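Q: One file: structure_12.txt (compact mmCIF, C-alpha atoms and all ligand atoms).
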# COMPACT_ATOMS: atom_id res chain seq x y z
CA MET A 1 173.10 123.90 179.65
CA THR A 2 172.59 123.07 175.98
CA TYR A 3 174.94 122.06 173.18
CA ILE A 4 173.84 125.01 171.07
CA ASN A 5 176.68 126.83 169.32
CA GLN A 6 174.77 129.56 167.58
CA LEU A 7 171.56 130.55 165.82
CA VAL A 8 172.07 131.40 162.15
CA CYS A 9 169.68 133.44 159.96
CA VAL A 10 168.72 131.37 156.90
CA ASN A 11 168.28 134.58 154.91
CA CYS A 12 171.42 136.63 155.61
CA GLY A 13 173.70 134.19 157.43
CA ARG A 14 174.26 136.38 160.49
CA SER A 15 174.74 134.40 163.66
CA TYR A 16 173.46 135.03 167.14
CA GLY A 17 174.11 133.55 170.56
CA GLU A 18 171.49 131.55 172.38
CA ASP A 19 171.61 134.03 175.24
CA GLU A 20 170.42 136.88 173.02
CA SER A 21 166.85 135.65 173.51
CA ILE A 22 165.68 136.40 170.01
CA ASN A 23 163.24 134.35 167.98
CA TYR A 24 164.12 135.62 164.51
CA CYS A 25 166.83 137.70 162.85
CA PRO A 26 166.18 141.30 163.91
CA ILE A 27 167.78 142.57 160.69
CA CYS A 28 165.66 140.48 158.27
CA GLY A 29 162.46 140.41 160.34
CA PHE A 30 160.17 137.47 161.00
CA GLN A 31 158.88 137.10 157.45
CA SER A 32 162.26 135.92 156.14
CA GLY A 33 164.76 135.99 158.99
CA ILE A 34 164.13 132.45 160.24
CA LEU A 35 166.89 131.18 162.50
CA ASP A 36 168.53 127.77 162.39
CA VAL A 37 169.74 126.31 165.67
CA GLN A 38 173.25 124.86 165.37
CA TYR A 39 174.99 122.60 167.87
CA ASP A 40 178.51 121.74 168.89
CA TYR A 41 178.47 118.44 167.04
CA LEU A 42 181.95 117.40 168.17
CA ALA A 43 180.71 117.44 171.75
CA VAL A 44 177.32 115.92 170.86
CA GLU A 45 179.00 113.09 168.95
CA LYS A 46 180.63 111.81 172.14
CA ILE A 47 177.23 110.92 173.60
CA CYS A 48 175.06 110.57 170.48
CA ASN A 49 176.63 107.87 168.35
CA PRO A 50 175.58 104.39 167.20
CA THR A 51 177.48 102.60 169.97
CA ALA A 52 176.27 104.77 172.83
CA PHE A 53 172.68 104.73 171.54
CA LYS A 54 172.37 100.96 171.64
CA LYS A 55 172.25 101.42 175.41
CA ASN A 56 169.84 104.36 175.42
CA SER A 57 166.70 103.10 177.14
CA ASN A 58 164.59 106.25 176.71
CA PHE A 59 162.17 105.40 173.91
CA SER A 60 160.66 108.83 173.28
CA MET A 61 161.88 111.97 171.52
CA TRP A 62 163.79 112.85 174.68
CA ARG A 63 166.42 110.23 173.91
CA TYR A 64 167.84 112.97 171.66
CA LEU A 65 168.08 115.62 174.39
CA PRO A 66 171.67 116.68 173.48
CA LEU A 67 170.34 117.54 170.00
CA LEU A 68 167.48 119.59 171.39
CA PRO A 69 167.44 123.22 172.50
CA LEU A 70 166.44 122.61 176.12
CA GLN A 71 168.34 123.51 179.25
CA GLY A 72 167.40 120.21 180.87
CA MET A 73 164.37 118.18 181.81
CA VAL A 74 162.50 120.87 183.78
CA GLY A 75 159.95 121.85 181.14
CA ILE A 76 159.39 118.34 179.81
CA GLN A 77 155.88 117.03 180.40
CA HIS A 78 154.75 113.52 181.28
CA LEU A 79 153.23 112.70 177.87
CA GLN A 80 154.81 109.99 175.73
CA VAL A 81 155.88 111.70 172.52
CA GLY A 82 157.86 110.12 169.73
CA TRP A 83 159.26 106.65 169.07
CA THR A 84 156.16 106.07 166.96
CA PRO A 85 155.95 102.80 165.02
CA LEU A 86 157.81 102.15 161.79
CA TYR A 87 156.40 99.48 159.50
CA GLU A 88 157.39 97.97 156.21
CA SER A 89 154.46 97.27 153.88
CA ARG A 90 155.08 94.98 150.93
CA ASN A 91 151.49 95.34 149.77
CA LEU A 92 151.78 99.08 149.59
CA ALA A 93 155.16 98.88 147.86
CA GLY A 94 153.50 96.67 145.24
CA GLU A 95 150.61 99.08 144.81
CA LEU A 96 152.92 102.06 144.41
CA GLY A 97 155.41 100.28 142.15
CA VAL A 98 158.51 100.74 144.31
CA ALA A 99 161.03 98.26 145.72
CA ARG A 100 160.31 98.80 149.40
CA CYS A 101 157.95 101.01 151.35
CA PHE A 102 158.33 102.04 154.99
CA ILE A 103 155.61 103.85 156.91
CA LYS A 104 156.34 105.93 159.99
CA ASP A 105 153.00 106.36 161.74
CA ASP A 106 153.28 109.67 163.54
CA GLY A 107 149.54 109.80 164.10
CA ARG A 108 150.42 107.65 167.12
CA ASN A 109 151.50 110.61 169.24
CA PRO A 110 149.60 111.86 172.34
CA THR A 111 147.28 114.21 170.43
CA ALA A 112 147.55 112.17 167.22
CA SER A 113 149.88 114.18 165.00
CA LEU A 114 153.55 114.89 164.38
CA LYS A 115 152.94 118.40 165.77
CA ASP A 116 153.31 116.97 169.27
CA ARG A 117 157.05 116.87 168.72
CA ALA A 118 157.09 120.62 168.23
CA SER A 119 154.57 121.44 170.94
CA ALA A 120 156.54 119.42 173.47
CA ILE A 121 159.49 121.72 172.80
CA GLY A 122 157.35 124.86 172.66
CA VAL A 123 155.82 124.24 176.06
CA ALA A 124 159.15 123.21 177.59
CA LYS A 125 160.72 126.47 176.33
CA ALA A 126 157.78 128.47 177.63
CA MET A 127 158.32 126.87 181.04
CA GLU A 128 162.04 127.70 180.90
CA TYR A 129 161.17 131.31 180.11
CA LYS A 130 158.54 131.26 182.86
CA ALA A 131 155.95 132.44 180.35
CA GLU A 132 152.44 133.00 181.67
CA CYS A 133 150.63 132.13 178.49
CA ILE A 134 151.43 130.44 175.19
CA ALA A 135 149.76 131.15 171.84
CA CYS A 136 149.68 129.78 168.35
CA ALA A 137 147.87 129.96 165.05
CA SER A 138 147.25 126.66 163.41
CA THR A 139 145.41 124.84 160.69
CA GLY A 140 144.40 122.51 163.52
CA ASN A 141 147.04 120.03 164.62
CA ALA A 142 149.58 122.46 166.04
CA ALA A 143 146.70 123.90 168.01
CA SER A 144 145.35 120.64 169.38
CA SER A 145 148.81 119.49 170.30
CA LEU A 146 149.72 122.78 171.92
CA ALA A 147 146.48 122.65 173.90
CA GLY A 148 147.39 119.16 175.09
CA PHE A 149 150.92 119.98 176.17
CA ALA A 150 149.84 123.27 177.75
CA ALA A 151 147.24 121.35 179.75
CA ALA A 152 149.96 118.95 180.89
CA ALA A 153 152.04 121.89 182.08
CA GLY A 154 149.14 123.84 183.56
CA LEU A 155 149.95 126.69 181.20
CA PRO A 156 147.13 128.80 179.69
CA ALA A 157 146.98 128.52 175.89
CA VAL A 158 145.39 130.86 173.35
CA ILE A 159 144.68 129.38 169.94
CA PHE A 160 143.77 130.99 166.62
CA VAL A 161 142.30 128.58 164.08
CA PRO A 162 140.79 129.29 160.67
CA GLN A 163 137.06 128.70 160.34
CA ARG A 164 137.65 125.59 158.20
CA ALA A 165 139.49 123.64 160.92
CA PRO A 166 137.87 120.16 161.16
CA LYS A 167 135.55 119.59 164.10
CA ALA A 168 137.60 116.85 165.74
CA LYS A 169 140.58 119.17 166.05
CA VAL A 170 138.44 121.92 167.56
CA ALA A 171 137.00 119.35 169.96
CA GLN A 172 140.52 118.57 171.14
CA LEU A 173 141.16 122.25 171.83
CA LEU A 174 138.02 122.62 173.86
CA VAL A 175 138.56 119.44 175.84
CA PHE A 176 142.12 120.45 176.75
CA GLY A 177 140.79 123.80 177.97
CA ALA A 178 142.45 126.24 175.57
CA LYS A 179 140.98 129.63 174.78
CA VAL A 180 139.90 129.21 171.15
CA PHE A 181 139.47 131.97 168.59
CA SER A 182 137.89 130.71 165.38
CA VAL A 183 139.09 133.37 162.96
CA GLN A 184 136.53 133.96 160.23
CA GLY A 185 139.15 133.95 157.53
CA THR A 186 142.06 131.89 156.24
CA TYR A 187 144.91 130.25 158.15
CA ASP A 188 147.17 133.01 156.87
CA GLN A 189 144.93 135.62 158.47
CA ALA A 190 144.76 133.65 161.69
CA TRP A 191 148.56 133.52 161.69
CA GLU A 192 148.95 137.30 161.26
CA LEU A 193 146.41 137.95 163.99
CA CYS A 194 148.18 135.59 166.38
CA MET A 195 151.55 137.25 165.76
CA GLN A 196 150.01 140.66 166.36
CA SER A 197 148.23 139.58 169.54
CA SER A 198 151.26 137.77 170.97
CA GLY A 199 153.28 140.95 170.50
CA GLU A 200 150.64 143.09 172.16
CA PHE A 201 149.87 140.81 175.11
CA GLY A 202 153.31 139.29 175.66
CA TRP A 203 152.30 135.67 175.00
CA TYR A 204 154.99 133.11 174.19
CA SER A 205 154.65 132.21 170.50
CA ARG A 206 154.54 128.60 169.41
CA ASN A 207 154.34 129.54 165.73
CA CYS A 208 156.66 127.04 164.22
CA ALA A 209 158.43 129.03 161.55
CA VAL A 210 159.07 132.04 163.73
CA ASN A 211 160.07 130.15 166.84
CA PRO A 212 163.33 128.47 165.77
CA TYR A 213 163.22 125.84 168.51
CA LEU A 214 160.09 124.05 167.36
CA ILE A 215 161.53 122.61 164.16
CA GLU A 216 164.15 120.98 166.40
CA GLY A 217 161.30 118.95 167.86
CA LYS A 218 160.01 118.05 164.41
CA LYS A 219 163.40 116.78 163.31
CA THR A 220 163.21 113.99 165.89
CA VAL A 221 160.88 112.06 163.55
CA ALA A 222 163.86 111.66 161.19
CA LEU A 223 166.30 110.82 163.98
CA GLU A 224 163.96 108.02 165.02
CA LEU A 225 163.36 106.86 161.49
CA VAL A 226 167.08 106.32 160.97
CA GLU A 227 167.55 104.49 164.25
CA GLN A 228 164.50 102.28 163.73
CA LEU A 229 165.70 101.34 160.25
CA LEU A 230 168.98 100.38 161.85
CA TYR A 231 167.42 98.14 164.51
CA GLN A 232 164.37 96.78 162.71
CA TYR A 233 165.51 96.63 159.09
CA ASP A 234 169.26 96.08 159.24
CA GLY A 235 170.11 99.65 158.46
CA ALA A 236 168.15 99.82 155.20
CA VAL A 237 168.13 103.42 154.01
CA PRO A 238 165.22 104.39 151.77
CA ASP A 239 166.23 106.25 148.62
CA TRP A 240 163.45 108.75 149.29
CA VAL A 241 161.87 110.17 152.42
CA VAL A 242 158.41 111.52 151.68
CA VAL A 243 156.87 114.42 153.61
CA THR A 244 153.79 116.56 153.07
CA VAL A 245 154.41 120.30 153.05
CA GLY A 246 152.41 123.24 154.41
CA ASP A 247 154.55 125.90 156.09
CA GLY A 248 157.68 123.88 155.34
CA CYS A 249 158.75 123.27 158.96
CA THR A 250 158.17 119.53 158.90
CA VAL A 251 160.09 118.89 155.69
CA GLY A 252 162.85 121.25 156.84
CA GLY A 253 163.03 119.44 160.17
CA VAL A 254 163.12 116.03 158.53
CA TRP A 255 166.03 117.04 156.32
CA LYS A 256 167.89 118.52 159.26
CA GLY A 257 167.38 115.33 161.26
CA LEU A 258 168.70 113.20 158.41
CA THR A 259 171.80 115.34 157.95
CA GLU A 260 172.49 115.19 161.68
CA MET A 261 172.26 111.40 161.69
CA TYR A 262 174.64 111.34 158.75
CA ARG A 263 177.05 113.56 160.58
CA LEU A 264 176.86 111.47 163.74
CA GLY A 265 177.61 108.23 161.90
CA PHE A 266 174.16 106.60 161.96
CA LEU A 267 173.69 106.91 158.19
CA THR A 268 176.08 106.18 155.35
CA LYS A 269 174.13 107.93 152.60
CA LEU A 270 171.47 110.60 152.59
CA PRO A 271 168.00 109.96 151.14
CA LYS A 272 166.38 112.40 148.76
CA ILE A 273 163.36 114.32 149.95
CA LEU A 274 160.02 114.21 148.13
CA GLY A 275 157.93 117.20 149.28
CA VAL A 276 154.24 116.66 148.58
CA GLN A 277 151.61 119.39 148.31
CA ALA A 278 147.98 119.55 147.23
CA GLN A 279 147.21 120.81 143.70
CA GLY A 280 144.89 123.40 145.24
CA CYS A 281 147.74 124.86 147.31
CA ARG A 282 151.18 124.32 145.82
CA PRO A 283 153.40 127.35 146.37
CA PHE A 284 156.50 125.19 146.93
CA VAL A 285 155.87 123.12 143.81
CA THR A 286 155.40 126.24 141.70
CA ALA A 287 158.51 127.94 143.08
CA TRP A 288 160.56 124.78 142.61
CA HIS A 289 159.60 124.55 138.93
CA ASP A 290 160.43 128.20 138.46
CA ASN A 291 164.14 129.01 138.19
CA THR A 292 163.93 132.02 140.48
CA ARG A 293 162.73 129.77 143.35
CA LYS A 294 160.74 132.69 144.71
CA LEU A 295 157.68 132.36 146.88
CA LEU A 296 154.39 133.57 145.43
CA PRO A 297 151.65 133.21 148.08
CA VAL A 298 148.42 131.66 146.78
CA GLU A 299 144.87 131.15 147.95
CA ALA A 300 144.57 127.71 149.52
CA ASN A 301 141.95 125.32 148.19
CA THR A 302 142.23 121.70 149.31
CA LEU A 303 140.49 119.33 151.69
CA ALA A 304 143.89 118.51 153.21
CA ASP A 305 143.44 121.26 155.81
CA SER A 306 146.79 120.74 157.54
CA ILE A 307 148.66 121.68 154.39
CA ALA A 308 146.23 124.38 153.24
CA VAL A 309 148.90 127.03 153.68
CA GLY A 310 148.89 129.63 150.93
CA HIS A 311 151.71 131.66 152.45
CA PRO A 312 154.32 129.22 153.82
CA ARG A 313 156.15 130.72 156.80
CA ASN A 314 159.23 128.57 156.56
CA PHE A 315 159.73 128.74 152.83
CA GLN A 316 163.52 128.84 152.80
CA LYS A 317 164.07 125.85 155.06
CA GLY A 318 161.45 123.85 153.18
CA MET A 319 162.93 124.71 149.79
CA ASN A 320 166.48 123.99 151.00
CA ALA A 321 165.45 120.52 152.16
CA VAL A 322 164.48 119.47 148.65
CA LEU A 323 167.29 121.34 146.88
CA GLU A 324 170.10 120.11 149.13
CA SER A 325 168.88 116.52 149.03
CA GLN A 326 168.48 116.68 145.23
CA GLY A 327 164.91 115.61 145.71
CA ALA A 328 161.69 116.93 144.21
CA PHE A 329 158.39 118.64 144.95
CA ILE A 330 155.19 117.21 143.59
CA ALA A 331 151.48 118.06 143.80
CA VAL A 332 148.51 115.69 144.02
CA ASP A 333 144.84 116.56 143.72
CA ASP A 334 142.17 116.03 146.34
CA ASP A 335 140.84 112.86 144.73
CA ASP A 336 144.33 111.39 144.89
CA ILE A 337 144.48 112.33 148.56
CA LEU A 338 141.24 110.50 149.29
CA TRP A 339 142.61 107.54 147.34
CA SER A 340 145.75 107.72 149.53
CA MET A 341 143.63 107.49 152.66
CA THR A 342 141.88 104.30 151.64
CA THR A 343 144.94 102.79 149.98
CA LEU A 344 147.15 103.27 153.04
CA ALA A 345 144.38 101.91 155.25
CA ARG A 346 143.63 98.91 153.01
CA LYS A 347 147.20 97.99 152.12
CA ALA A 348 149.01 98.79 155.37
CA ALA A 349 146.18 99.24 157.90
CA VAL A 350 147.32 102.72 158.89
CA PHE A 351 144.60 105.37 159.07
CA GLY A 352 145.84 108.88 158.37
CA GLU A 353 144.20 112.26 157.81
CA PRO A 354 144.33 113.81 154.32
CA ALA A 355 147.50 115.86 154.87
CA GLY A 356 149.00 112.91 156.68
CA VAL A 357 148.66 110.54 153.75
CA ALA A 358 149.11 112.69 150.64
CA GLY A 359 152.63 111.29 150.37
CA ILE A 360 151.16 107.96 149.22
CA ALA A 361 149.70 109.58 146.10
CA GLY A 362 152.87 111.65 145.84
CA VAL A 363 154.96 108.49 145.45
CA LYS A 364 152.55 107.00 142.93
CA GLN A 365 152.71 110.19 140.87
CA ALA A 366 156.49 110.44 141.18
CA VAL A 367 156.89 106.88 139.92
CA LYS A 368 154.63 107.65 136.98
CA GLN A 369 156.67 110.73 136.13
CA GLY A 370 159.97 108.86 136.40
CA ILE A 371 161.13 110.89 139.40
CA ILE A 372 161.22 107.76 141.57
CA ASP A 373 162.57 104.60 139.94
CA LYS A 374 160.82 101.26 140.45
CA ASN A 375 164.02 99.88 141.98
CA GLU A 376 164.08 102.58 144.63
CA SER A 377 162.66 102.42 148.14
CA VAL A 378 160.61 105.01 150.00
CA GLY A 379 159.98 106.00 153.62
CA ILE A 380 156.68 107.83 154.02
CA ILE A 381 155.96 109.86 157.12
CA VAL A 382 152.28 109.76 158.02
CA THR A 383 151.91 113.03 159.91
CA GLY A 384 148.40 112.87 161.39
CA ASN A 385 145.72 110.37 162.42
CA GLY A 386 142.63 109.72 160.29
CA LEU A 387 140.16 110.23 163.12
CA LYS A 388 141.05 113.92 163.03
CA ASP A 389 138.92 114.39 159.93
CA ILE A 390 136.24 111.77 159.60
CA GLU A 391 134.29 113.72 157.01
CA SER A 392 137.09 113.26 154.50
CA ALA A 393 137.50 109.67 155.59
CA ILE A 394 133.87 108.91 154.88
CA LYS A 395 134.05 110.76 151.59
CA GLY A 396 136.91 108.53 150.47
CA GLY A 397 135.74 105.36 152.14
CA GLY A 398 132.63 104.40 150.19
CA VAL A 399 129.08 103.67 151.31
CA VAL A 400 127.42 101.79 154.14
CA HIS A 401 124.47 99.55 153.40
CA LYS A 402 121.39 100.54 155.42
CA ILE A 403 119.30 97.44 156.03
CA GLU A 404 116.40 96.15 158.09
CA PRO A 405 117.41 93.90 161.03
CA ASP A 406 116.56 90.81 158.99
CA ILE A 407 118.74 88.05 157.54
CA GLU A 408 116.87 88.37 154.23
CA ALA A 409 118.28 91.87 153.86
CA VAL A 410 121.82 90.58 154.38
CA ARG A 411 121.25 87.81 151.85
CA SER A 412 120.13 90.25 149.22
CA TYR A 413 123.47 92.09 149.54
CA VAL A 414 125.73 89.08 149.87
CA LYS A 415 124.39 87.17 146.87
C1 LIG G 1 151.33 120.61 159.98
C2 LIG G 1 151.12 119.39 159.20
C3 LIG G 1 151.81 119.13 158.00
C4 LIG G 1 152.77 120.09 157.37
O1 LIG G 1 153.77 120.61 158.20
P1 LIG G 1 154.39 122.05 157.89
O2 LIG G 1 155.42 122.23 158.91
O3 LIG G 1 153.27 123.03 157.99
O4 LIG G 1 154.93 121.99 156.51
C5 LIG G 1 151.56 117.95 157.36
N1 LIG G 1 150.66 117.06 157.85
C6 LIG G 1 150.00 117.26 158.99
C7 LIG G 1 149.04 116.23 159.46
C8 LIG G 1 150.20 118.44 159.71
O5 LIG G 1 149.50 118.64 160.83
Output the file's structure as structure tokens, nothing else.
A:
Amino acid sequence: MTYINQLVCVNCGRSYGEDESINYCPICGFQSGILDVQYDYLAVEKICNPTAFKKNSNFSMWRYLPLLPLQGMVGIQHLQVGWTPLYESRNLAGELGVARCFIKDDGRNPTASLKDRASAIGVAKAMEYKAECIACASTGNAASSLAGFAAAAGLPAVIFVPQRAPKAKVAQLLVFGAKVFSVQGTYDQAWELCMQSSGEFGWYSRNCAVNPYLIEGKKTVALELVEQLLYQYDGAVPDWVVVTVGDGCTVGGVWKGLTEMYRLGFLTKLPKILGVQAQGCRPFVTAWHDNTRKLLPVEANTLADSIAVGHPRNFQKGMNAVLESQGAFIAVDDDDILWSMTTLARKAAVFGEPAGVAGIAGVKQAVKQGIIDKNESVGIIVTGNGLKDIESAIKGGGVVHKIEPDIEAVRSYVK
């Protein structure tokens, strides 16, 4: 059994039962009829509350099982996912000009990105449905994480990636044994092709926006953040939680997780959300500045491949996260993103990939623009590990000194 009450369409508000086995609102269609999973919080509250959780000894995302859309433990794989480290960095706070700075390092998941939280749910659901194959389109991380969790479950996986996916992510796919289609086109084209193929061949779809259960996995990063702040930092609540935005599922999930923790009595005030995009791909930022708040798909052009999403598939949930929290969207350019990589690494010793770290530059920019006050604190979610894209890392990192194996050569540099 689950604690799910209903699934509600974010576009038209119609509600559906869990037993109707639908992935999106049949009236609105999958482009806009994204469903939101809602729980019986009065029942959940009895087992998920600050007192009960002090005794919860499961330190992984599965400690939140009553807030997840699974029938039980059957589809859950052996991999350790979630309960990633939370750090406070005074050096980084100083660099960014804010009061306090917390870093949640979600690159420390089994396949090295936050996407593992969603894939863990996707594969568990596929096992519940007794699916024979699972598919997804991805800028890279959703794919590598799906491949990992599918391997754990012994479930065949078919992956569509755009041609620009970094090599390390493709290597993960191949090692985990997925069938990989490198679509000679954009992520958006890969996504359409995956949807079409899943329909035709009956594959279970892990595409995060369309499959309403996956964002439930992503929200666990916020559930953890709140609990860790409680135990490690005396319940400090950052004024801002900072998330990078591609399709909008992560930021939507983070906001949902925060509101659930508020509702369940773990939080006394809600942080604002800062959604960060790349200048070369900023459909959320543009829509947010425009009063109509309408999505205009763009061509993506940024080295932060994981957020190179010109046509966000979870636009409404992503937009709602920032609007409801009275937060802001902001864009940073690629040079700022490379600066973020080295700054996070040098000030806090956390190595993130470009889309994982863009929030660092986002905070800096937001302080400069007066969006974030110098007396405010921030919690930045680092969504992916830096080893996923070493080309960008080297680009931002500086130069190595090639020398002869001779102490004289060292002296000439050190002097
Ligand atoms: C997928 C991803 C994001 C963005 O998540 P969306 O749900 O697409 O908005 C950010 N950073 C990394 C590292 C990612 O893999």
Q: If you count all atoms listed in the file, which residues fall within 8 Å of Phe102 in chain A, apart from same-chain ones fewer than 2 positions away, as a PyMOL selection string?
A: chain A and resi 86-89+100+104+238+378-380
Q: List the neighbours of range 20-28 of chain A out to 10 Å using only C-alpha atoms; skip same-chain residues closer than 6 positions along the sequence, and give me the result as a list in words.
A: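 Those residues are Leu7, Val8, Cys9, Val10, Asn11, Cys12, Gly13, Arg14, Ile34, Leu35, Asp36, Tyr129, Ser205, Ala209, Val210, Asn211, Pro212 and Tyr213 of chain A.
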Q: Measuring atom to atom with only C-alpha atoms and all ligand atoms, identify which of A:Gln196, A:Gln189, A:Ser32, A:Ser144 is nearest to ligand LIG 1 (chain G).
A: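 Result for the nearest residue to ligand LIG 1 (chain G): A:Ser144.
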Q: Using only the atoms of range 400-408 of chain A listed in the file, plus 8 Å on each side, state the axis-aligned box centre and edge lengths in Å rounded to one decimal, as AutoDock Vina command-line options.
A:
--center_x 121.9 --center_y 94.9 --center_z 157.2 --size_x 27.0 --size_y 29.7 --size_z 23.6
Q: Considering only C-alpha atoms and all ligand atoms, tabulate each residue of chain A that lies at most 7 Å from ligand LIG 1 (chain G) along with its nearest interatomic pair and the corresponding distance in Å to one decimal; arrange the rows by chain and ascending residue number and present them as CSV.
A:
residue,atom,partner,partner_atom,distance
A:Ser113,CA,G:LIG1,C7,6.0
A:Leu114,CA,G:LIG1,O5,6.6
A:Lys115,CA,G:LIG1,O5,6.0
A:Gly140,CA,G:LIG1,O5,6.9
A:Asn141,CA,G:LIG1,O5,4.7
A:Ala142,CA,G:LIG1,O5,6.5
A:Thr244,CA,G:LIG1,C5,5.0
A:Val245,CA,G:LIG1,O4,3.9
A:Gly246,CA,G:LIG1,O4,3.5
A:Asp247,CA,G:LIG1,O3,3.7
A:Gly248,CA,G:LIG1,O4,3.5
A:Cys249,CA,G:LIG1,O2,3.5
A:Thr250,CA,G:LIG1,O2,3.9
A:Val251,CA,G:LIG1,O4,6.1
A:Ser306,CA,G:LIG1,C8,4.7
A:Ile307,CA,G:LIG1,C4,5.3
A:Glu353,CA,G:LIG1,C7,6.5
A:Ala355,CA,G:LIG1,N1,4.5
A:Gly356,CA,G:LIG1,C7,4.3
A:Thr383,CA,G:LIG1,C7,4.3
A:Gly384,CA,G:LIG1,C7,3.9
Q: Could you name the residues that touch His78 in chain A at 12 Å or less, counting only C-alpha atoms, but leaving out those on the same chain fewer than 5 positions away, as number ranges by chain?
A: A: 60, 62, 73, 110, 120, 123-124, 148-154
Q: Distance CA of Lys169 in chain A-CA of Tyr187 in chain A, one decimal place?
A: 14.3 Å
Q: I'd like the interatomic distance between CA of Ile337 in chain A and CA of Leu303 in chain A, to a tenth of an Å.
A: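 Computed distance, CA of Ile337 in chain A to CA of Leu303 in chain A, equals 8.6 Å.
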Q: Write out as a list of chain:residue names the residues lying within 12 Å of Ala93 in chain A, counting all atoms listed in the file and excluding same-chain residues fewer than 2 positions away.
A: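 Using all atoms listed in the file, the neighbours found are A:Tyr87, A:Glu88, A:Ser89, A:Arg90, A:Asn91, A:Glu95, A:Leu96, A:Gly97, A:Val98, A:Ala99, A:Arg100, A:Cys101, A:Phe102, A:Ile103, A:Thr343, A:Leu344, A:Lys347, A:Ala348, A:Ile360, A:Val363, A:Lys364, A:Val367, A:Lys374, A:Asn375, A:Glu376, A:Ser377, A:Val378, A:Gly379, A:Ile380.
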Q: With C-alpha atoms retained, export the selected residues as an mmCIF file, in the frame of the given file.
A:
data_model
loop_
_atom_site.group_PDB
_atom_site.id
_atom_site.type_symbol
_atom_site.label_atom_id
_atom_site.label_comp_id
_atom_site.auth_asym_id
_atom_site.auth_seq_id
_atom_site.Cartn_x
_atom_site.Cartn_y
_atom_site.Cartn_z
ATOM 1 C CA TYR A 87 156.400 99.480 159.500
ATOM 2 C CA GLU A 88 157.390 97.970 156.210
ATOM 3 C CA SER A 89 154.460 97.270 153.880
ATOM 4 C CA ARG A 90 155.080 94.980 150.930
ATOM 5 C CA ASN A 91 151.490 95.340 149.770
ATOM 6 C CA GLU A 95 150.610 99.080 144.810
ATOM 7 C CA LEU A 96 152.920 102.060 144.410
ATOM 8 C CA GLY A 97 155.410 100.280 142.150
ATOM 9 C CA VAL A 98 158.510 100.740 144.310
ATOM 10 C CA ALA A 99 161.030 98.260 145.720
ATOM 11 C CA ARG A 100 160.310 98.800 149.400
ATOM 12 C CA CYS A 101 157.950 101.010 151.350
ATOM 13 C CA PHE A 102 158.330 102.040 154.990
ATOM 14 C CA ILE A 103 155.610 103.850 156.910
ATOM 15 C CA THR A 343 144.940 102.790 149.980
ATOM 16 C CA LEU A 344 147.150 103.270 153.040
ATOM 17 C CA LYS A 347 147.200 97.990 152.120
ATOM 18 C CA ALA A 348 149.010 98.790 155.370
ATOM 19 C CA ILE A 360 151.160 107.960 149.220
ATOM 20 C CA VAL A 363 154.960 108.490 145.450
ATOM 21 C CA LYS A 364 152.550 107.000 142.930
ATOM 22 C CA VAL A 367 156.890 106.880 139.920
ATOM 23 C CA LYS A 374 160.820 101.260 140.450
ATOM 24 C CA ASN A 375 164.020 99.880 141.980
ATOM 25 C CA GLU A 376 164.080 102.580 144.630
ATOM 26 C CA SER A 377 162.660 102.420 148.140
ATOM 27 C CA VAL A 378 160.610 105.010 150.000
ATOM 28 C CA GLY A 379 159.980 106.000 153.620
ATOM 29 C CA ILE A 380 156.680 107.830 154.020
#
Q: May I have the residues within 6 Å of range 255-266 of chain A as a ChimeraX atom specification, using all atoms listed in the file and disregarding those fewer than 3 positions away in the same chain?
A: /A:45,49-50,219,222-223,252,321
Q: Using only C-alpha atoms for the distances, tell me which of A:Leu267, A:Asn320, A:Leu92, A:Ala304 is nearest to Trp288 in chain A.
A: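 Residue with the minimum atom-to-atom distance to Trp288 in chain A: A:Asn320.
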